[in-house]
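**Student:** Pasting in a structure now, in structure tokens, and then I'll have a few things to ask.
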Amino acid sequence: MKVSIITLVRIHNYGSVLQAYATGELVRQAGHDPEFVDLVAINGSRAGTLEDNVKAKVGGNSIKHALYSFFWNANWMLQERVFGGFVNRHLNFSRRYESVGELHANPPMADCYVSGSDMLWSSKLNKGHRETQFYLTWAPEDKPHIAYAASIGETELPPEERSFMLPLLKSYDRIGMREKSGVALLDSMGISSVNVLDPTLVLPSAFWESFASQCSSRKRPYLLVYFLHDHEEVFRQALAYARRQGFEVVRVAFHPLRKADDDKIEVIPSVEKLVSLFMNAEFVVTDSFHGTAFSLNFAKSFLVTQPPRFETRLDSILEIANAPQRVIRDSSVPFSAYGPIDYDHVTKALCREREKSRAFLNAALGD
């Protein structure tokens with residue numbers, strides 16, 4: 001079958017492009033032909049994102065505005081080369097849609113339509129916008145509608161959000177939610193769903209090792225820091241732990257500003273290189289859902305510090321993998337106090353969930 005997939009993919013985010021790539025691979029492994037909807041991001045356009053950043057950083061200062069705009073544009077172009085280049089090379093796209101209205105007027109033709117994965121159903125993530133395109137409102141009603149590893153990112157929803165979502169969710173034939181909290185929320189609205197793994201975790205470590213095999217590894221053992229937000233106190237603790245263990249510190253950065261304490265900054269590495277950094281690390285410290293997923297997949301020693309929002313994603317994945325104790329609850333507790341991870345236990349749990357997730361997707365696509 002031809003399977004049309006809509007997800008968050010035209011944005012500058014490692015987790016987003018990796019989950020899209022993995023979703024397409026799972027559809028291919030099921031014997032079908034994936035095609036991603038190429039919709040211009042409503043809230044992720046270059047001009048819109050620049051203006052948001054400038055206002056947040058410099059306010060109305062014209063000189064600072066000009067300088068910040070120059071450096072932001074240069075950084076944006078580097079990110080576009082990394083993320084846009086990756087999806088253009090690896091994903092099969094539909095024709096380009098400049099608006100949701102255009103998508104509704106002339107949707108891509110397919111045998112089946114899929115939402116997911118990732119945080120498609122979070123109006124908070126989408127800057128308050130309720131983006132109906134992620135509920136397949138544009139897809140033909142007589143074709144199967146499926147959600148795979150969709151996420152809301154919340155444990156509770158206000159009544160108005162429930163009222164908005166309920167009629168849209170009723171159009172689906174099958175729904176797989178990435179978090180257990182999402183299953184519970186939908187159940188409270190009378191919508192049946194099942195808990196499935198993020199697609200990056202359904203694909204085993206051997207797949208990702210091959211994916212990143214062309215990237216060179218560092219000669220010295222290193223501790224990888226992959227933060228999407230600032231956690232300087234935790235970073236200082238990671239640095240001290242690395243020094244005691246004789247590790248280098250490698251930090252992934254999303255802009256070219258170097259910190260003096262880092263041994264190595266990887267500024268917007270390629271998507272393959274990012275995966276290789278997880279694959280070859282001795283220890284990982286992260287606040288990222290997909291950083292946690294790749295740490296688990298590669299059986300790494302790791303610790304998680306909670307992000308400022310959407311922490312339910314991390315709680316759910318650690319619960320599924322039987323590793324909830326890896327969250328830093330008290331930054332004064334030394335890293336050495338957390339002890340080793342029982343990866344026999346974790347791997348068995350992940351294998352069970354992989355089989356369940358593949359079975360859901362295969363059945364939804366009609367085997």
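Note on naming: chains are A, B, ... as they come in the structure tokens, residues start from 1 per chain, ligands start from 1 in the order shown.
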For Val225 of chain A, please output as number ranges by chain all residues within 8 Å (counting only C-alpha atoms; exclusion window: fewer than 3 positions along the same chain).

**Tutor:** A: 235, 249-252, 284-286

**Student:** Which residues, written as a ChimeraX atom specification, have at least one atom at most 9 Å from segment 194-200 of chain A, with only C-alpha atoms counted and residues fewer than 5 positions away on the same chain left out?

**Tutor:** /A:15,18-23,25-26,117-118,148-150,174-180,182-183,208,290,293-294,297,317,320,350,353-354,356-358,360

**Student:** Would you mind exporting N, CA and C atoms of the selected residues as a compact mmCIF listing (two decimals), in the first residue's frame?

**Tutor:**
```txt
# COMPACT_ATOMS: atom_id res chain seq x y z
N GLY A 15 15.31 14.82 17.34
CA GLY A 15 14.31 13.82 17.65
C GLY A 15 13.22 13.75 16.60
N LEU A 18 14.55 12.11 13.35
CA LEU A 18 14.86 10.69 13.57
C LEU A 18 13.58 9.86 13.73
N GLN A 19 12.57 10.42 14.42
CA GLN A 19 11.33 9.65 14.56
C GLN A 19 10.64 9.52 13.21
N ALA A 20 10.71 10.56 12.38
CA ALA A 20 10.10 10.46 11.05
C ALA A 20 10.81 9.41 10.21
N TYR A 21 12.13 9.45 10.22
CA TYR A 21 12.92 8.46 9.48
C TYR A 21 12.59 7.05 9.95
N ALA A 22 12.50 6.86 11.27
CA ALA A 22 12.20 5.54 11.83
C ALA A 22 10.78 5.10 11.49
N THR A 23 9.82 6.03 11.51
CA THR A 23 8.45 5.67 11.14
C THR A 23 8.39 5.18 9.70
N GLU A 25 10.78 3.85 8.02
CA GLU A 25 11.46 2.56 7.95
C GLU A 25 10.56 1.43 8.44
N LEU A 26 9.81 1.66 9.50
CA LEU A 26 8.88 0.64 10.00
C LEU A 26 7.79 0.33 8.98
N SER A 117 5.02 9.73 14.24
CA SER A 117 4.84 9.86 15.68
C SER A 117 5.15 11.30 16.14
N ASP A 118 5.43 11.45 17.45
CA ASP A 118 5.86 12.70 18.08
C ASP A 118 4.68 13.48 18.65
N TYR A 148 0.11 6.58 15.00
CA TYR A 148 1.17 5.73 15.56
C TYR A 148 2.10 6.57 16.44
N ALA A 149 2.18 6.17 17.71
CA ALA A 149 3.06 6.83 18.69
C ALA A 149 2.82 8.33 18.76
N ALA A 150 1.55 8.72 18.64
CA ALA A 150 1.21 10.13 18.83
C ALA A 150 1.36 10.50 20.30
N ARG A 174 -7.61 3.25 14.33
CA ARG A 174 -6.74 2.72 15.38
C ARG A 174 -5.82 3.83 15.87
N ILE A 175 -5.57 3.84 17.18
CA ILE A 175 -4.71 4.86 17.77
C ILE A 175 -3.67 4.19 18.67
N GLY A 176 -2.42 4.47 18.39
CA GLY A 176 -1.32 4.05 19.26
C GLY A 176 -0.69 5.29 19.87
N MET A 177 -0.66 5.37 21.19
CA MET A 177 -0.12 6.52 21.91
C MET A 177 1.27 6.22 22.44
N ARG A 178 2.15 7.20 22.37
CA ARG A 178 3.54 6.99 22.79
C ARG A 178 3.70 6.92 24.31
N GLU A 179 2.84 7.62 25.04
CA GLU A 179 2.93 7.61 26.50
C GLU A 179 1.70 6.96 27.12
N LYS A 180 1.92 6.31 28.25
CA LYS A 180 0.80 5.73 28.98
C LYS A 180 -0.17 6.81 29.45
N GLY A 182 -1.00 9.37 27.79
CA GLY A 182 -1.85 9.66 26.64
C GLY A 182 -2.97 8.64 26.51
N VAL A 183 -2.66 7.36 26.75
CA VAL A 183 -3.68 6.32 26.73
C VAL A 183 -4.74 6.62 27.78
N TRP A 208 20.58 1.00 14.18
CA TRP A 208 21.19 2.31 14.37
C TRP A 208 22.70 2.25 14.30
N HIS A 290 14.38 11.69 23.16
CA HIS A 290 15.09 10.83 22.23
C HIS A 290 16.53 10.57 22.67
N ALA A 293 15.94 7.68 24.75
CA ALA A 293 15.64 6.51 23.92
C ALA A 293 16.91 5.90 23.34
N PHE A 294 17.81 6.72 22.82
CA PHE A 294 19.04 6.18 22.25
C PHE A 294 19.99 5.67 23.32
N ASN A 297 18.56 2.27 23.98
CA ASN A 297 18.75 1.37 22.84
C ASN A 297 20.18 0.89 22.74
N ILE A 317 8.73 6.61 29.23
CA ILE A 317 9.71 5.75 28.58
C ILE A 317 10.57 5.02 29.60
N ILE A 320 8.41 2.19 31.07
CA ILE A 320 8.30 1.08 30.13
C ILE A 320 9.57 0.23 30.15
N LEU A 350 12.13 -3.98 26.60
CA LEU A 350 12.07 -3.33 25.29
C LEU A 350 11.69 -4.32 24.19
N GLU A 353 7.98 -4.81 24.22
CA GLU A 353 7.27 -3.64 23.71
C GLU A 353 7.49 -3.48 22.20
N ARG A 354 8.66 -3.86 21.71
CA ARG A 354 8.89 -3.82 20.25
C ARG A 354 7.94 -4.75 19.52
N LYS A 356 5.06 -5.84 20.52
CA LYS A 356 3.71 -5.29 20.64
C LYS A 356 3.50 -4.12 19.69
N SER A 357 4.49 -3.25 19.57
CA SER A 357 4.37 -2.07 18.72
C SER A 357 4.33 -2.44 17.25
N ARG A 358 5.18 -3.37 16.85
CA ARG A 358 5.16 -3.83 15.45
C ARG A 358 3.84 -4.51 15.14
N PHE A 360 0.95 -3.93 16.48
CA PHE A 360 -0.08 -2.89 16.33
C PHE A 360 -0.01 -2.25 14.96
```

**Student:** Determine which residues of segment 76-109 of chain A DSSP labels as helix (DSSP H, G or I) from the backbone of this structure, then write them out as a ChimeraX atom specification.

**Tutor:** /A:76-90,100-105

**Student:** Those residues with N, CA and C atoms, as a PDB file, in the first residue's frame please?

**Tutor:**
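Once written, result_8.pdb looks like this:
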```
ATOM      1  N   TRP A  76      20.748  29.508  11.527  1.00  0.00           N
ATOM      2  CA  TRP A  76      19.573  28.884  10.916  1.00  0.00           C
ATOM      3  C   TRP A  76      19.962  28.158   9.627  1.00  0.00           C
ATOM      4  N   MET A  77      20.815  28.771   8.827  1.00  0.00           N
ATOM      5  CA  MET A  77      21.222  28.153   7.557  1.00  0.00           C
ATOM      6  C   MET A  77      22.023  26.876   7.810  1.00  0.00           C
ATOM      7  N   LEU A  78      22.867  26.885   8.856  1.00  0.00           N
ATOM      8  CA  LEU A  78      23.607  25.674   9.201  1.00  0.00           C
ATOM      9  C   LEU A  78      22.649  24.568   9.636  1.00  0.00           C
ATOM     10  N   GLN A  79      21.671  24.920  10.464  1.00  0.00           N
ATOM     11  CA  GLN A  79      20.695  23.926  10.894  1.00  0.00           C
ATOM     12  C   GLN A  79      19.876  23.389   9.721  1.00  0.00           C
ATOM     13  N   GLU A  80      19.510  24.268   8.802  1.00  0.00           N
ATOM     14  CA  GLU A  80      18.741  23.822   7.642  1.00  0.00           C
ATOM     15  C   GLU A  80      19.559  22.852   6.788  1.00  0.00           C
ATOM     16  N   ARG A  81      20.859  23.112   6.680  1.00  0.00           N
ATOM     17  CA  ARG A  81      21.718  22.199   5.922  1.00  0.00           C
ATOM     18  C   ARG A  81      21.752  20.819   6.573  1.00  0.00           C
ATOM     19  N   VAL A  82      21.776  20.783   7.905  1.00  0.00           N
ATOM     20  CA  VAL A  82      21.834  19.504   8.626  1.00  0.00           C
ATOM     21  C   VAL A  82      20.483  18.801   8.597  1.00  0.00           C
ATOM     22  N   PHE A  83      19.437  19.481   9.066  1.00  0.00           N
ATOM     23  CA  PHE A  83      18.132  18.828   9.221  1.00  0.00           C
ATOM     24  C   PHE A  83      17.370  18.724   7.897  1.00  0.00           C
ATOM     25  N   GLY A  84      17.315  19.830   7.152  1.00  0.00           N
ATOM     26  CA  GLY A  84      16.650  19.785   5.868  1.00  0.00           C
ATOM     27  C   GLY A  84      17.349  18.855   4.901  1.00  0.00           C
ATOM     28  N   GLY A  85      18.684  18.872   4.927  1.00  0.00           N
ATOM     29  CA  GLY A  85      19.433  17.972   4.059  1.00  0.00           C
ATOM     30  C   GLY A  85      19.163  16.514   4.383  1.00  0.00           C
ATOM     31  N   PHE A  86      19.062  16.203   5.673  1.00  0.00           N
ATOM     32  CA  PHE A  86      18.820  14.816   6.079  1.00  0.00           C
ATOM     33  C   PHE A  86      17.468  14.318   5.579  1.00  0.00           C
ATOM     34  N   VAL A  87      16.404  15.067   5.827  1.00  0.00           N
ATOM     35  CA  VAL A  87      15.081  14.573   5.431  1.00  0.00           C
ATOM     36  C   VAL A  87      14.932  14.547   3.907  1.00  0.00           C
ATOM     37  N   ASN A  88      15.577  15.475   3.212  1.00  0.00           N
ATOM     38  CA  ASN A  88      15.503  15.454   1.747  1.00  0.00           C
ATOM     39  C   ASN A  88      16.212  14.234   1.173  1.00  0.00           C
ATOM     40  N   ARG A  89      17.266  13.795   1.837  1.00  0.00           N
ATOM     41  CA  ARG A  89      17.994  12.613   1.360  1.00  0.00           C
ATOM     42  C   ARG A  89      17.277  11.316   1.699  1.00  0.00           C
ATOM     43  N   HIS A  90      16.618  11.269   2.856  1.00  0.00           N
ATOM     44  CA  HIS A  90      16.162   9.989   3.386  1.00  0.00           C
ATOM     45  C   HIS A  90      14.655   9.761   3.339  1.00  0.00           C
ATOM     46  N   VAL A 100      -2.479  24.707   5.049  1.00  0.00           N
ATOM     47  CA  VAL A 100      -3.400  23.623   5.397  1.00  0.00           C
ATOM     48  C   VAL A 100      -4.590  23.630   4.440  1.00  0.00           C
ATOM     49  N   GLY A 101      -5.021  24.825   4.034  1.00  0.00           N
ATOM     50  CA  GLY A 101      -6.118  24.910   3.080  1.00  0.00           C
ATOM     51  C   GLY A 101      -5.779  24.229   1.768  1.00  0.00           C
ATOM     52  N   GLU A 102      -4.557  24.404   1.317  1.00  0.00           N
ATOM     53  CA  GLU A 102      -4.105  23.751   0.093  1.00  0.00           C
ATOM     54  C   GLU A 102      -4.083  22.236   0.259  1.00  0.00           C
ATOM     55  N   LEU A 103      -3.686  21.778   1.449  1.00  0.00           N
ATOM     56  CA  LEU A 103      -3.683  20.341   1.737  1.00  0.00           C
ATOM     57  C   LEU A 103      -5.100  19.778   1.709  1.00  0.00           C
ATOM     58  N   HIS A 104      -6.044  20.502   2.285  1.00  0.00           N
ATOM     59  CA  HIS A 104      -7.443  20.063   2.264  1.00  0.00           C
ATOM     60  C   HIS A 104      -8.000  20.026   0.838  1.00  0.00           C
ATOM     61  N   ALA A 105      -7.614  21.001   0.035  1.00  0.00           N
ATOM     62  CA  ALA A 105      -8.168  21.122  -1.315  1.00  0.00           C
ATOM     63  C   ALA A 105      -7.667  20.029  -2.252  1.00  0.00           C
TER      64      ALA A 105
END
```

**Student:** Near Phe278 of chain A, within 8 Å and counting only C-alpha atoms, which residues show up once chain neighbours fewer than 4 positions away are dropped, as JSON, numbers by chain?

**Tutor:** {"A": [224, 274, 284, 291, 294, 295, 298]}

**Student:** Mind giving me the straight-line distance from atom CA of Arg313 of chain A to atom CA of Met119 of chain A in Å, one decimal?

**Tutor:**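 Going from atom CA of Arg313 of chain A over to atom CA of Met119 of chain A, I get 9.6 Å.
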
**Student:** To test your reading of the structure, identify every residue in segment 147-267 of chain A that backbone DSSP assigns to strand (DSSP E or B), and report it as a list of chain:residue names.

**Tutor:** A:Ala147, A:Tyr148, A:Ala149, A:Ala150, A:Arg174, A:Ile175, A:Gly176, A:Met177, A:Val194, A:Asn195, A:Tyr222, A:Leu223, A:Leu224, A:Val225, A:Tyr226, A:Glu248, A:Val249, A:Val250, A:Arg251, A:Val252, A:Ala253, A:Lys264, A:Ile265, A:Glu266, A:Val267

**Student:** If you count only C-alpha atoms, which residues fall within 8 Å of Gly246 of chain A, apart from same-chain ones fewer than 3 positions away, as a list of chain:residue names?

**Tutor:**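 The filter keeps A:Pro221, A:Ala242, A:Arg243.
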
**Student:** Would you write out those residues with N, CA and C atoms, as a PDB file, in the first residue's frame?

**Tutor:**
```pdb
ATOM      1  N   PRO A 221      37.687   7.751  25.886  1.00  0.00           N
ATOM      2  CA  PRO A 221      36.317   7.576  26.384  1.00  0.00           C
ATOM      3  C   PRO A 221      35.735   8.924  26.810  1.00  0.00           C
ATOM      4  N   ALA A 242      33.004  13.211  35.214  1.00  0.00           N
ATOM      5  CA  ALA A 242      33.846  12.813  34.086  1.00  0.00           C
ATOM      6  C   ALA A 242      35.325  12.929  34.436  1.00  0.00           C
ATOM      7  N   ARG A 243      35.685  13.991  35.130  1.00  0.00           N
ATOM      8  CA  ARG A 243      37.093  14.162  35.510  1.00  0.00           C
ATOM      9  C   ARG A 243      37.548  13.023  36.422  1.00  0.00           C
TER      10      ARG A 243
END
```
